[in-house]
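Working notes, beginning with the structure itself.
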Amino acid sequence: MNIAADELPHAHGRPPLCGRIRCAPEDFIVIEELGWQPDGSGEHVFLYVRKSGQNTDWVARRLAEVCEVRADAVSYAGLKDRHAVTEQWFSVQMPGREAPMPCGFTGSRGIDGVEVLAVTRNSRKLRRGALAGNRFRIVVRELDGPPAAVLDRLPAIAARGVPNWFGEQRFGRDGGNLERARRLLAGTLRERDRHKRGLYLSAARSHLFNRYLAARIIDGSWDQALPGEVLMLDGSHSVFACPQPDATILERLARHDLHPSGPLWGAGESLATAAALAGETALAAAEAQLCAGLAAEGLKQERRALRLVPAQLHGEAIGEAAVQFEFTLPAGAYATTVLHELVGNPEAQDDML
């Protein structure tokens, strides 16, 4: 079974307080940062959209209807949470056609919960992952103690970072995508839809990574370099094997230039050796069917950083029982992994570390 969010171990100790997130969509604001600017011309219309209460794929389909194009003519850089107010770019392939104005998405052509803020053009479509990251502003309410108890933890998180978990949304409702992945790889589920198959296989890889990361948190090595570690350069997917960490490696780890990494399972040999490989070998034995199945599906071995360091991390109290956090994360990271180290779930009854 998938490790539920309430069962994930904590790197900084159990949070001092419990509180509630997403009391309203406006309490969870996400602003996409492409890190580059559309060039202003070309056959792809770029729409900058603010949405609330809708998921990204649903908005893409509605934009296709309004712009009178096929669904595959609309693309986006990353999925954004439904239960939030989010701003992000969409591209619509419209060669030889006039770009719609923002006012063209109102009235009878309006999309519920969606506002088009800006329109421009670009010579190429917007591709998945083509963004620098996301900026978050999150309010946690109904704290069961003084906000200062939570805010006091921010310096430690800025200094060490947090574990780079895959968030619960990766696994579908009630972890259903992981269960379907197990059935798919066991041969008891047939699924011809390529998109759904991809979701299930992605859930399986994410689960394996989370299990490996959990073990590294428990032994205290999640932000350290073990002998035989595969290290990842900050801000990239470039990795290299490190048989024995030296003073230079340790200094680069301390200033967040490097991060230890964990496996995204697939075919091929791991670059890890020694102590780092031992953990991967133990995981492969415990999850033999998933590991073998992912390799058989043709996925290749990849890596993901074990550590996530939020940038521009800031927090402030809002009254006596709420706190607001602001921070920026790179693409592929989850804001809930930062919150996991700051506040607990008031409904959770677990024995978290």
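How things are named: the first chain in the structure tokens is A, the next is B, and so on; residues count from 1 in each chain; ligands count from 1 in the order shown.
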
Can you list, as a ChimeraX atom specification, all residues belonging to region 16-244 of chain A that DSSP tags as strand (DSSP E or B)? /A:17-18,20,28-33,44-52,74-76,85-93,114-122,133-141,162-163,229-233,239-242

Using DSSP on the backbone, list every residue of region 51-299 of chain A that comes out as helix (DSSP H, G or I), and give them as an NGL selection string. :A and (56-67 or 71-73 or 102-105 or 107-109 or 148-151 or 154-160 or 168-171 or 173-186 or 194-218 or 247-254 or 274-286 or 288-296)

Spatial neighbours of region 280-285 of chain A, max dist 8 Å, only C-alpha atoms, sep filter under 4 positions, as a list in words: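 Close residues of region 280-285 of chain A: Leu208, Arg211, Tyr212, Pro263, Ala276 and Cys291 of chain A.
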
Limited to C-alpha atoms, could you put the picked residues into a file as a tab-separated table (two decimals), in the first residue's frame?
chain	number	residue	atom	x	y	z
A	208	LEU	CA	8.88	3.38	-4.63
A	211	ARG	CA	9.51	4.34	0.38
A	212	TYR	CA	13.21	4.85	-0.31
A	263	PRO	CA	15.67	6.03	-7.73
A	276	ALA	CA	23.53	3.95	-1.10
A	291	CYS	CA	10.24	-2.96	-9.75

Counting only C-alpha atoms, what are the residues of region 85-172 of chain A within 9 Å of region 25-37 of chain A, and for each of them which pair of atoms is the nearest and at what distance in Å, to one decimal? Sort the table by chain and rising number, as a Markdown table.
| residue | atom | partner | partner_atom | distance |
| --- | --- | --- | --- | --- |
| A:Val85 | CA | A:Ile29 | CA | 4.9 |
| A:Thr86 | CA | A:Val30 | CA | 4.5 |
| A:Glu87 | CA | A:Ile31 | CA | 4.8 |
| A:Gln88 | CA | A:Glu32 | CA | 5.1 |
| A:Trp89 | CA | A:Glu32 | CA | 7.6 |
| A:Asn122 | CA | A:Gln37 | CA | 8.9 |
| A:Ala130 | CA | A:Leu34 | CA | 6.7 |
| A:Leu131 | CA | A:Leu34 | CA | 4.0 |
| A:Ala132 | CA | A:Gly35 | CA | 5.0 |
| A:Gly133 | CA | A:Glu33 | CA | 5.3 |
| A:Asn134 | CA | A:Glu32 | CA | 4.5 |
| A:Arg135 | CA | A:Ile31 | CA | 5.1 |
| A:Phe136 | CA | A:Val30 | CA | 4.8 |
| A:Arg137 | CA | A:Ile29 | CA | 5.1 |
| A:Ile138 | CA | A:Phe28 | CA | 4.6 |
| A:Val139 | CA | A:Asp27 | CA | 4.9 |
| A:Val140 | CA | A:Asp27 | CA | 7.5 |
| A:Arg141 | CA | A:Asp27 | CA | 8.9 |

Distance in Å - CA of Asn164 (chain A) versus CA of Arg252 (chain A):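 One can read the CA of Asn164 (chain A) to CA of Arg252 (chain A) distance as 18.3 Å.
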
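Compared by their closest atoms to Ala118 (chain A), and using only C-alpha atoms, the residues A:Arg160, A:Leu342, A:Leu47, A:Ala64 rank with A:Leu47 nearest.
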
With distances taken over only C-alpha atoms, which of A:Asp81, A:Leu151, A:Glu191, A:Phe46 is nearest to Glu326 (chain A)?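 Using only C-alpha atoms, Glu326 (chain A) sits closest to A:Leu151.
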
Counting only C-alpha atoms, which residues of region 96-138 of chain A sit at most 9 Å from some atom of region 75-78 of chain A, and what is each one's closest atom pair with its distance in Å to one decimal, listed by chain and rising residue number, as a tab-separated table?
residue	atom	partner	partner_atom	distance
A:Lys125	CA	A:Ser75	CA	7.1
A:Leu126	CA	A:Tyr76	CA	5.6
A:Arg127	CA	A:Ala77	CA	5.3
A:Arg128	CA	A:Ala77	CA	4.1
A:Gly129	CA	A:Ala77	CA	5.1
A:Ala130	CA	A:Ala77	CA	5.4
A:Leu131	CA	A:Ala77	CA	6.3

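Taking CA of Gly175 (chain A) and CA of Asn210 (chain A) as the two end points, the separation is 13.4 Å.
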
Contact residues around Val45 (chain A) with only C-alpha atoms at 12 Å, ignoring same-chain residues under 4 positions, as a ChimeraX atom specification: /A:38-41,63-64,67,69,73-76,89-102,118-126

Leaving out Glu302 (chain A) and any residue of its chain fewer than 6 positions from it, which residues lie within 8 Å of it when counting only C-alpha atoms, given as an NGL selection string? :A and (263-266)

Those residues with C-alpha atoms, as a CSV table (one decimal), in the first residue's frame please?
chain,number,residue,atom,x,y,z
A,263,PRO,CA,15.7,6.0,-7.7
A,264,LEU,CA,12.8,6.5,-10.1
A,265,TRP,CA,12.5,2.9,-11.0
A,266,GLY,CA,13.0,1.4,-14.4

If we count only C-alpha atoms, what is near Arg170 (chain A) at a cut-off of 8 Å, once residues fewer than 4 positions away on the same chain are taken out, given as an MDAnalysis selection string? chainID A and resid 166 202:203 206

Which residue, A:His10, A:Ala84, A:Glu287, A:Pro163, has the smallest gap to Arg182 (chain A) when you use only C-alpha atoms?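 Distance minimum relative to Arg182 (chain A) lands on A:Glu287.
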
Which residues, written as a VMD selection string, have at least one atom at most 10 Å from Ala204 (chain A), with only C-alpha atoms counted and residues fewer than 3 positions away on the same chain left out? chain A and resid 2 170 to 171 177 to 182 185 198 to 201 207 to 210 264 to 265 290 to 291 293 to 294

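Our summary of the geometry notes that CA of Glu229 (chain A) is positioned 6.9 Å from CA of Thr273 (chain A).
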